[in-house]
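These notes concern the structure reproduced below.
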Amino acid sequence: MDKKKKLSYHLDTPYSAATWPQVLPKDQDMILELLCSLLSPLGHYRSQHVHASKGKRAKKRKRKEQSDLDTAPPIPPAPEIQSYVDIGLSCVSRCLQKTASERLEVSSVREGQEVDEIPAVRFYSAIFVARSGQPNALSSHLPQMVAVASKSHPSRPPTRLVELPRACEGKLCESLGIPRVSCIGLCVDAPNSNPLVDFTQQHVAITEVPWLEEASNAEYRPTKINSTETVIGAKKKARDKSSK
């Protein structure tokens, strides 16, 4: 017996969708190796000098630990690369938003005010995201934000958005010394980052968002309606009959 089918309709944007730059598997492996090598000092530092919290302790034990800290040698400063790396999707997204809005702040500077008085915003040379090939609502905004942030600073090389396999998350966690990581932002002029940045700029395309150019043309575009053929299940057909 043939199943009954129907068409369902939904509105879609008339503009071209933003896509992630494609990276070859062999290039992904090389980028991952260079990235882990760059971040490994952070993982080593955390394993030696940063200890995870174990929750609440008794006051007596706290006093004992405090006395031990007073006699312990001072903790050395963190590796220099730490101040050039942002970890986490929220942190990277906030920085991209500030970078994109910096141009508006400069253009709104009053006459007589020095542009140098405006604090410089962090600019990424590359953003690395461990994700699967399927669309992910959590990171789907990154191509648009990377493109807008890059256009806001035309004097700098565009930020590269690098998609890495989800399976490499374990290696990144090991290099950073943290339990989970999905997004890493690398700022410009990071120490010892030239091999990684040069390879990324050569093998990863610039993120393009066609609808930004399409929208700036101010041309009328008709409403786009997508139709999808679906199958009506047995339970749904039974409810339809009972409602009649």
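Lettering and numbering for the structure tokens are positional, with chains as A, B, ... in the shown order, residues counted from 1 in each chain, and ligands counted from 1 in the shown order.
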Exercise: A:Lys171 partners within 10 Å, only C-alpha atoms, chain neighbours under 6 positions left out, as number ranges by chain: A: 32-33, 35-36, 177, 181
Mind dumping the selected residues with C-alpha atoms as a short mmCIF file (atom, residue, chain, number, x, y, z; two decimals), in the first residue's frame?
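The file below, again_10.cif, is the result:
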```
data_model
loop_
_atom_site.label_atom_id
_atom_site.label_comp_id
_atom_site.auth_asym_id
_atom_site.auth_seq_id
_atom_site.Cartn_x
_atom_site.Cartn_y
_atom_site.Cartn_z
CA LEU A 32 46.47 20.12 13.37
CA GLU A 33 50.10 19.09 13.87
CA LEU A 35 48.54 23.91 15.98
CA CYS A 36 49.16 21.25 18.64
CA GLY A 177 45.49 20.65 29.12
CA VAL A 181 37.60 22.46 23.33
#
```
A:Gln28 surroundings by only C-alpha atoms, 8 Å radius, close-in-sequence under 6 positions cut, as an MDAnalysis selection string: chainID A and resid 163:165
Between atom CA of A:Gly43 and atom CA of A:Asn194, distance in Å (one decimal):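 Spanning atom CA of A:Gly43 to atom CA of A:Asn194 is a straight-line distance of 20.1 Å.
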Contacts of A:Glu208 at 12 Å (only C-alpha atoms; same-chain gap of 2+ positions) as a ChimeraX atom specification: /A:16-22,142-151,158-161,204-206,210-213
Residues near A:His203, cut-off 8 Å, only C-alpha atoms, skip fewer than 3 positions along chain, as a count of residues only: 4
Separation of atom CA of A:Ser40 from atom CA of A:Asp189, in Å and rounded to one decimal: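 Between atom CA of A:Ser40 and atom CA of A:Asp189 the gap is 17.9 Å.
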Atomic separation - atom CA of A:Arg122 relative to atom CA of A:Cys168, Å: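 Interatomic distance here is 26.1 Å.
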From A:Ala190, A:Val85, A:Ile232, A:Val121, residue lying nearest A:Ser101 [only C-alpha atoms]: A:Val121
Those in stretch 116-197 of chain A with alpha helix (DSSP H) from DSSP, as a PyMOL selection string: chain A and resi 142-151+169-176+194-197
Please write the residues from the selection above to a file, keeping N, CA, C and O atoms, as a short mmCIF file (atom, residue, chain, number, x, y, z; two decimals), in the first residue's frame.
```cif
data_model
loop_
_atom_site.label_atom_id
_atom_site.label_comp_id
_atom_site.auth_asym_id
_atom_site.auth_seq_id
_atom_site.Cartn_x
_atom_site.Cartn_y
_atom_site.Cartn_z
N LEU A 142 29.63 31.66 12.33
CA LEU A 142 31.05 32.03 12.21
C LEU A 142 31.44 32.52 10.81
O LEU A 142 32.19 33.50 10.70
N PRO A 143 31.01 31.88 9.71
CA PRO A 143 31.42 32.41 8.40
C PRO A 143 31.02 33.86 8.18
O PRO A 143 31.82 34.67 7.68
N GLN A 144 29.78 34.23 8.57
CA GLN A 144 29.37 35.63 8.41
C GLN A 144 30.19 36.56 9.27
O GLN A 144 30.63 37.63 8.82
N MET A 145 30.42 36.18 10.52
CA MET A 145 31.16 37.06 11.42
C MET A 145 32.61 37.21 11.00
O MET A 145 33.19 38.30 11.09
N VAL A 146 33.22 36.12 10.53
CA VAL A 146 34.61 36.19 10.07
C VAL A 146 34.72 37.10 8.85
O VAL A 146 35.64 37.92 8.73
N ALA A 147 33.77 36.97 7.92
CA ALA A 147 33.81 37.79 6.71
C ALA A 147 33.63 39.27 7.04
O ALA A 147 34.34 40.13 6.50
N VAL A 148 32.69 39.59 7.91
CA VAL A 148 32.45 40.99 8.27
C VAL A 148 33.63 41.57 9.03
O VAL A 148 34.06 42.70 8.79
N ALA A 149 34.19 40.80 9.95
CA ALA A 149 35.35 41.28 10.71
C ALA A 149 36.55 41.52 9.80
O ALA A 149 37.30 42.48 9.98
N SER A 150 36.74 40.65 8.81
CA SER A 150 37.86 40.82 7.87
C SER A 150 37.66 42.06 7.01
O SER A 150 38.61 42.81 6.73
N LYS A 151 36.42 42.31 6.56
CA LYS A 151 36.15 43.49 5.74
C LYS A 151 36.30 44.78 6.54
O LYS A 151 36.56 45.84 5.96
N GLU A 169 39.45 16.65 18.40
CA GLU A 169 39.24 17.40 19.64
C GLU A 169 40.09 16.85 20.78
O GLU A 169 40.59 17.61 21.62
N GLY A 170 40.31 15.52 20.80
CA GLY A 170 41.12 14.94 21.86
C GLY A 170 42.55 15.43 21.83
O GLY A 170 43.14 15.71 22.89
N LYS A 171 43.14 15.56 20.64
CA LYS A 171 44.50 16.06 20.54
C LYS A 171 44.60 17.52 20.98
O LYS A 171 45.56 17.93 21.64
N LEU A 172 43.59 18.31 20.62
CA LEU A 172 43.59 19.71 21.04
C LEU A 172 43.46 19.84 22.55
O LEU A 172 44.13 20.67 23.18
N CYS A 173 42.61 19.01 23.15
CA CYS A 173 42.46 19.03 24.61
C CYS A 173 43.76 18.65 25.31
O CYS A 173 44.14 19.24 26.32
N GLU A 174 44.43 17.66 24.76
CA GLU A 174 45.70 17.23 25.34
C GLU A 174 46.76 18.32 25.23
O GLU A 174 47.55 18.54 26.16
N SER A 175 46.78 19.02 24.11
CA SER A 175 47.77 20.09 23.93
C SER A 175 47.50 21.27 24.85
O SER A 175 48.44 21.93 25.32
N LEU A 176 46.21 21.56 25.11
CA LEU A 176 45.85 22.70 25.95
C LEU A 176 45.75 22.34 27.42
O LEU A 176 45.72 23.24 28.27
N ASN A 194 54.33 31.77 12.94
CA ASN A 194 54.50 32.03 11.51
C ASN A 194 54.33 30.78 10.64
O ASN A 194 53.65 30.84 9.60
N PRO A 195 54.91 29.62 10.99
CA PRO A 195 54.69 28.44 10.13
C PRO A 195 53.22 28.05 10.02
O PRO A 195 52.74 27.73 8.92
N LEU A 196 52.49 28.10 11.13
CA LEU A 196 51.06 27.75 11.10
C LEU A 196 50.27 28.77 10.30
O LEU A 196 49.43 28.40 9.47
N VAL A 197 50.51 30.05 10.53
CA VAL A 197 49.75 31.09 9.84
C VAL A 197 50.06 31.07 8.34
O VAL A 197 49.14 31.19 7.51
#
```
Proximity to A:Cys187 - best of A:Val162, A:Ala100, A:Leu11, A:Cys95, only C-alpha atoms: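 Closest to A:Cys187, using only C-alpha atoms: A:Cys95.
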Top pick for closest residue to A:Asp198, considering A:Lys4, A:Ala126, A:Gln97, A:Asp29 and counting only C-alpha atoms: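 Of A:Lys4, A:Ala126, A:Gln97, A:Asp29, the one nearest A:Asp198 is A:Ala126, counting only C-alpha atoms.
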Proximity to A:Ile225 - best of A:Lys3, A:His10, A:Lys98, A:His49, only C-alpha atoms: A:His10
